[in-house]
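Here the structure is laid out as structure tokens; the discussion comes afterwards.
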Amino acid sequence: MVNYTSPELLTINAARLLRDGDVVFVGVGLPNLACNLARRTHAPNLVMIYEAGVIGAQPARLPLSIGDPTLVSGAISVCGMYDVFAFYLQRGNVDVGFLGGAQIDRFGNINATVIGEYDHPKVRLPGSGGSMEIAAWANRCYIISPHQKRRFPEKVDFRTSAGFLNHRKEREAAQLRGTGPQAVVTDIGVLQPDESGELILTALHPEKTVEEAKANTGWELRIANNLALTEAPTERELKILREELDPQRIYLKGGD
Amino acid sequence: MSKIYPLSDAIAQFVKDGDLIYAAGFTHLIPFAAGHEIIRQKRKDLILARATPDLLYDQMVAAGCARKVIFSYMGNPGVGSLRIVRAEIEAGNLEWEEYSHFGMISRLQAGATGLPFMPMNPTAAGDLEKMNSNYRQIIDPYVGKPVVVVPALKPDVAIVHVQRCDQEGNSQIWGIIGEQKEAAFAADKVIITTEEIVDDSIIRSDPNRTIIPGFIVDAVCLVPYCAHPSYTQGYYDRDNSFYLEWDETSKSKESVRKYLAEWVYGVKDRHEYWEKLGEDTHERLKVTPRLSQVINYGSY
């Protein structure tokens, strides 16, 4: 039996969603680890784009911020912020966007802005950064989040970025370029949108239960008819993460 | 007339109380030394605009320089919360105006190119557009579909740190180039801080690398290590441990006051600040060279 932490489980399952040749808009932390893991395993031709304007980064060390100098050295191209959002993202040159947030709701809308009222915030969060446009315009979006009831409310307090709005039809009517969130990877399993855009449980990680998933979701979580079981993290995946990508265990130590 | 100023003189001459300041740089080349000088000169009621306020604006807000912030991501990059700006907003003490990164940078792009506004494709997210009336929707006159627009941002002063420039302020940067060019072209006044002032012939040897032409620059200040605790590509590394420590420092007003007393008010200039950081820090932030291949422009 292989032991692993919750961030390792999230990262490995996120990495598996990437396809070889994908152009990915990457964030720091777990998405960065997931992309670098995919690049070292099944997706050697992954192109990593960072919102700081770095195209085709090959970081030699673990980047600790979105603008780490290691992203630049050895990259294919560096452009300004306007260019990365306009020429790459808005133009439709990004296949995958990774998103996270304080709240993710039943239709995959994300709140990264505020808990409580906007004008009188109870908790003021960092805000959109790139996520408003990534959620709209990346061809596919994946969300990574620990599975906790407070993080998965029926409806977000503030819609920083669009999932399926109130129904898949609403998103389609908005004629956004991207197809919206394709999967939410949590430390219990994987949620995916059904035909209405509602997130339902489509896979469980080893040793996790439907009851756990339901108890940690703020709406009445529906379960896919053909509920899958994810493959446990392999020793190879864990070895790459632990020995090559985050040897100091900055993001992988767990306990969140 | 020479444009070369000591940083303190440039701030004294070009930064006024109440100004809208854009201290540029996306994680890279953040002009901390200029922010510290603004704090030392006790400017107040400033409107501080940056995509990512970063620790620089946290410190300037803590020092009482600002009445408002304009931003698109208010966090301590790679660490977590930007505690002081956040606390002041939550307490209702600080005005704010908020965009997504693309909205923010589109405002600068409009300002930099002399346009009244910039269009963007809709994102359907909706809530930020409801809360910030600077976001508007108009109809694309060609196909009749809605586009989102934001107005030009025109800072009174842009402050841009660069690797090298000549005496006129013809400035070259490499590495992450964020929104430096846009900030400089959008602003009324431009202050360049630089790691090195080089001969004009060096700039002319590689014209594609020049991001800002000297004729839009008002002041050139030689300020090595200006960007610490952020970094200058190829010159010194980002001081990530400082960013982590600030997460602790900024938890209490008393420790922030002590920090400012020691590291901002307590030093005369950036040179003294850098010396005070000490050799261990200097050594830790050193960068191994990795040179680009020389290219051939040709003689014509």
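Identifiers in this document derive from the order of the structure tokens: chains are assigned A, B, ..., residues are numbered from 1 separately in each chain, and ligands are numbered from 1 in order of occurrence.
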**Report entry** Residues within 6 Å of stretch 33-50 of chain A, only C-alpha atoms, excluding chain neighbours under 2 positions, as a list in words
**Finding:** Thr11, Ala14, Ala15, Arg19, Asp20, Gly21, Asp22, Val23, Val24, Phe25, Val26, Leu30, Pro31, Ala52, Gly53, Val54, Ile55, Gly56 and Ala57 of chain A
Please, which residues of chain B lie no more than 8 Å from chain A when the count uses only C-alpha atoms, and can they be set out as a compact mmCIF listing (two decimals) with N, CA and C atoms, in the first residue's frame?
```
# COMPACT_ATOMS: atom_id res chain seq x y z
N PHE B 26 5.31 42.97 -13.15
CA PHE B 26 4.53 41.81 -12.72
C PHE B 26 5.48 40.82 -12.06
N THR B 27 5.55 40.89 -10.74
CA THR B 27 6.45 40.07 -9.92
C THR B 27 7.92 40.46 -10.12
N HIS B 28 8.28 40.73 -11.35
CA HIS B 28 9.65 41.08 -11.74
C HIS B 28 9.85 42.60 -11.70
N ALA B 51 -1.50 45.84 -11.22
CA ALA B 51 -2.25 44.59 -11.37
C ALA B 51 -2.18 43.81 -10.06
N SER B 72 -5.95 44.05 -9.72
CA SER B 72 -6.65 42.90 -10.29
C SER B 72 -6.33 41.59 -9.55
N TYR B 73 -5.32 41.61 -8.72
CA TYR B 73 -5.07 40.43 -7.86
C TYR B 73 -4.37 40.91 -6.60
N MET B 74 -5.10 40.88 -5.49
CA MET B 74 -4.56 41.43 -4.27
C MET B 74 -4.10 40.31 -3.34
N GLY B 75 -2.94 39.75 -3.64
CA GLY B 75 -2.40 38.70 -2.78
C GLY B 75 -0.92 38.90 -2.59
N PRO B 77 2.09 37.20 -3.61
CA PRO B 77 2.25 36.17 -4.65
C PRO B 77 3.02 34.95 -4.18
N GLY B 78 2.38 33.80 -4.32
CA GLY B 78 3.01 32.55 -3.92
C GLY B 78 2.91 32.26 -2.43
N SER B 81 -2.31 35.88 1.57
CA SER B 81 -3.07 37.11 1.65
C SER B 81 -2.14 38.33 1.71
N LEU B 82 -2.62 39.43 1.14
CA LEU B 82 -1.90 40.69 1.28
C LEU B 82 -2.55 41.40 2.47
N ARG B 86 -5.72 44.21 2.58
CA ARG B 86 -6.95 43.47 2.87
C ARG B 86 -7.63 43.99 4.14
N ILE B 89 -9.18 47.40 3.62
CA ILE B 89 -10.41 47.30 2.83
C ILE B 89 -11.54 46.74 3.70
N GLU B 90 -11.25 45.67 4.43
CA GLU B 90 -12.29 45.07 5.29
C GLU B 90 -12.78 46.04 6.35
N GLY B 92 -12.96 49.19 5.94
CA GLY B 92 -13.60 50.35 5.30
C GLY B 92 -12.73 51.60 5.29
N TYR B 99 -10.44 44.97 -11.02
CA TYR B 99 -10.61 44.41 -12.37
C TYR B 99 -10.09 42.99 -12.37
N SER B 100 -10.29 42.28 -13.48
CA SER B 100 -9.50 41.08 -13.72
C SER B 100 -8.16 41.56 -14.29
N HIS B 101 -7.19 40.66 -14.38
CA HIS B 101 -5.91 41.08 -14.97
C HIS B 101 -6.12 41.67 -16.37
N PHE B 102 -6.95 40.99 -17.16
CA PHE B 102 -7.11 41.46 -18.54
C PHE B 102 -7.82 42.81 -18.58
N ILE B 105 -5.17 45.44 -17.51
CA ILE B 105 -4.13 45.63 -18.49
C ILE B 105 -4.70 46.24 -19.78
N SER B 106 -5.97 45.98 -20.03
CA SER B 106 -6.64 46.61 -21.17
C SER B 106 -6.82 48.11 -20.91
N GLN B 109 -3.52 49.51 -21.72
CA GLN B 109 -3.30 49.44 -23.17
C GLN B 109 -4.01 50.61 -23.86
N ASN B 121 -13.74 40.61 -25.19
CA ASN B 121 -14.85 39.68 -25.31
C ASN B 121 -15.51 39.48 -23.95
N PRO B 122 -16.83 39.24 -23.93
CA PRO B 122 -17.50 39.00 -22.65
C PRO B 122 -17.01 37.72 -21.97
N THR B 123 -17.09 37.69 -20.63
CA THR B 123 -16.72 36.49 -19.88
C THR B 123 -17.92 35.84 -19.21
N ALA B 124 -19.05 36.54 -19.20
CA ALA B 124 -20.30 36.05 -18.60
C ALA B 124 -20.26 35.90 -17.08
N ALA B 125 -19.12 36.21 -16.46
CA ALA B 125 -19.05 36.04 -15.00
C ALA B 125 -20.01 37.01 -14.32
N GLY B 126 -19.95 38.28 -14.76
CA GLY B 126 -21.01 39.21 -14.39
C GLY B 126 -20.84 40.02 -13.12
N ASP B 127 -20.42 39.39 -12.02
CA ASP B 127 -20.51 40.10 -10.74
C ASP B 127 -19.55 41.28 -10.62
N LEU B 128 -18.33 41.13 -11.12
CA LEU B 128 -17.39 42.24 -11.03
C LEU B 128 -17.88 43.41 -11.90
N MET B 131 -20.35 45.38 -10.00
CA MET B 131 -19.83 46.14 -8.86
C MET B 131 -18.94 47.29 -9.29
N GLY B 175 13.38 39.29 -19.61
CA GLY B 175 12.68 38.54 -18.58
C GLY B 175 11.21 38.92 -18.68
N ILE B 176 10.48 38.79 -17.61
CA ILE B 176 9.05 39.10 -17.65
C ILE B 176 8.86 40.60 -17.85
N ILE B 177 8.16 40.95 -18.93
CA ILE B 177 8.01 42.37 -19.28
C ILE B 177 6.63 42.91 -18.94
N GLY B 178 5.83 42.09 -18.29
CA GLY B 178 4.58 42.51 -17.65
C GLY B 178 3.83 43.63 -18.34
N GLU B 179 3.80 44.81 -17.70
CA GLU B 179 3.04 45.94 -18.22
C GLU B 179 3.87 47.21 -18.16
N GLN B 233 15.91 40.07 -13.46
CA GLN B 233 16.36 38.89 -14.21
C GLN B 233 17.84 39.02 -14.58
N ASP B 237 18.21 37.29 -7.61
CA ASP B 237 17.03 36.43 -7.51
C ASP B 237 15.95 37.08 -6.65
N ARG B 238 14.74 36.55 -6.79
CA ARG B 238 13.65 36.97 -5.91
C ARG B 238 13.93 36.46 -4.50
N ASN B 240 12.46 35.03 -1.91
CA ASN B 240 11.21 34.38 -1.50
C ASN B 240 11.04 34.33 0.01
N ARG B 290 23.49 32.92 -17.46
CA ARG B 290 23.01 32.08 -18.57
C ARG B 290 22.80 33.04 -19.74
```
Query - Counting only C-alpha atoms, the residue of A:Asn32, A:Pro247, A:Gln58, A:His167 that sits nearest A:Ser196 - result: A:His167
Requested in this report: Determine the nearest neighbour of B:Asp54 from the options B:Pro116, B:Pro229, B:Gly278, B:Gly234, counting only C-alpha atoms.
Outcome: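 Closest residue, counting only C-alpha atoms: B:Pro229.
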Report task. Output as a PyMOL selection string all residues of stretch 49-239 of chain A that backbone DSSP marks as alpha helix (DSSP H). Result -> chain A and resi 69-72+81-83+131-137+168-174+210-215+235-239
Quick one: everything within 10 Å of B:Ala110, counting only C-alpha atoms, minus sequence neighbours fewer than 5 positions away in the same chain. Send it as an mmCIF file with C-alpha atoms, in the first residue's frame.
```
data_model
loop_
_atom_site.group_PDB
_atom_site.id
_atom_site.type_symbol
_atom_site.label_atom_id
_atom_site.label_comp_id
_atom_site.auth_asym_id
_atom_site.auth_seq_id
_atom_site.Cartn_x
_atom_site.Cartn_y
_atom_site.Cartn_z
ATOM 1 C CA ILE B 105 -4.126 45.634 -18.492
ATOM 2 C CA LEU B 115 -7.616 55.290 -27.148
ATOM 3 C CA PRO B 116 -10.605 56.239 -24.952
ATOM 4 C CA PHE B 117 -11.397 52.628 -24.028
ATOM 5 C CA MET B 118 -10.541 49.062 -24.890
ATOM 6 C CA PRO B 119 -12.971 46.311 -25.929
ATOM 7 C CA VAL B 150 -13.002 49.521 -19.879
ATOM 8 C CA PRO B 151 -11.774 53.118 -19.942
ATOM 9 C CA ALA B 152 -8.179 54.205 -20.483
ATOM 10 C CA LEU B 153 -6.012 54.332 -17.375
ATOM 11 C CA LYS B 154 -3.716 57.346 -17.425
ATOM 12 C CA GLU B 182 2.082 50.119 -21.290
ATOM 13 C CA PHE B 185 3.300 55.125 -22.469
ATOM 14 C CA ALA B 186 0.037 55.614 -20.531
#
```
**Report entry** Residue contacts of stretch 99-107 of chain A (6 Å, only C-alpha atoms) excluding same-chain residues fewer than 4 positions away, as a ChimeraX atom specification
**Finding:** /A:111-112,143-144,151-156,163-164,197-199
Please write the residues from the selection above to a file, keeping C-alpha atoms, as a PDB file, in the first residue's frame.
```
ATOM      1  CA  ASN A 111     -15.686  32.749  -6.151  1.00  0.00           C
ATOM      2  CA  ALA A 112     -12.179  34.091  -5.593  1.00  0.00           C
ATOM      3  CA  ILE A 143     -10.649  22.995 -11.041  1.00  0.00           C
ATOM      4  CA  ILE A 144      -8.522  21.698  -8.166  1.00  0.00           C
ATOM      5  CA  ARG A 151     -15.822  25.350  -0.344  1.00  0.00           C
ATOM      6  CA  PHE A 152     -18.716  23.707  -2.209  1.00  0.00           C
ATOM      7  CA  PRO A 153     -21.844  25.799  -1.534  1.00  0.00           C
ATOM      8  CA  GLU A 154     -25.056  25.544  -3.559  1.00  0.00           C
ATOM      9  CA  LYS A 155     -24.345  29.059  -4.863  1.00  0.00           C
ATOM     10  CA  VAL A 156     -21.189  31.175  -4.659  1.00  0.00           C
ATOM     11  CA  GLY A 163     -18.866  27.892 -14.836  1.00  0.00           C
ATOM     12  CA  PHE A 164     -22.225  26.987 -16.368  1.00  0.00           C
ATOM     13  CA  GLY A 197     -24.018  21.575 -16.227  1.00  0.00           C
ATOM     14  CA  GLU A 198     -24.586  20.438 -12.643  1.00  0.00           C
ATOM     15  CA  LEU A 199     -21.502  18.925 -10.997  1.00  0.00           C
TER      16      LEU A 199
END
```
Query - Spatial neighbours of B:Ile295, 12 Å, only C-alpha atoms, chain gap at least 2 places, as a count of residues only - result: 10
Query - Contact residues around A:Val2 with only C-alpha atoms at 9 Å, ignoring same-chain residues under 4 positions, as an MDAnalysis selection string - result: chainID A and resid 232:235
Residues from the last selection, C-alpha atoms, saved as a PDB file, in the first residue's frame:
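The new file part-v3.pdb reads:
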```
ATOM      1  CA  ALA A 232      -4.133   5.034  -6.852  1.00  0.00           C
ATOM      2  CA  PRO A 233      -1.081   7.276  -7.284  1.00  0.00           C
ATOM      3  CA  THR A 234       1.724   5.145  -8.644  1.00  0.00           C
ATOM      4  CA  GLU A 235       5.198   4.938  -7.175  1.00  0.00           C
TER       5      GLU A 235
END
```
Requested in this report: Enumerate as a ChimeraX atom specification all residues of stretch 139-247 of chain A assigned to strand (DSSP E) by DSSP on the backbone, naming them with the chain letters and numbers the document uses.
Outcome: /A:140-144,181-185,189-193,199-204,223-229
Report task. Pick out the closest residue to B:Glu37 from this set: B:Cys226, B:Ala112, B:Val160, B:Val217. Count only C-alpha atoms. Result ->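 Smallest separation from B:Glu37 among the options: B:Cys226.
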Requested in this report: Figure out the distance between atom CA of A:Leu62 and atom CA of A:Gln248, please, to one decimal in Å.
Outcome: 9.5 Å
Report summary line: The residue from B:Asn93, B:Asn132, B:Ser230, B:Gln137 with the smallest atom-to-atom distance to B:His161, counting only C-alpha atoms, is B:Ser230
Requested in this report: Find the residues around B:Met1 up to 12 Å (only C-alpha atoms counted), leave out those fewer than 4 positions away in its own chain, and share them as a list in words.
Outcome: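 The residues that qualify are Tyr5, Gln167, Glu168, Asp218 and Ala219 of chain B.
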Report task. Would you mind reading off the distance between atom CA of A:Arg16 and atom CA of A:Ala213, one decimal, in Å? Result ->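 These atoms are spaced 20.9 Å apart.
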Query raised in the report: Looking at only C-alpha atoms, which of A:Val96, A:Ile115, A:Val185, A:Leu18 is the one that sits closest to A:Thr230?
Result: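 With only C-alpha atoms as the atom set, the closest residue is A:Val185.
Using only C-alpha atoms for every distance, the candidate list B:Thr288, B:Tyr135, B:Tyr225, B:Asp45 yields B:Tyr225 as the residue closest to B:Asp269.
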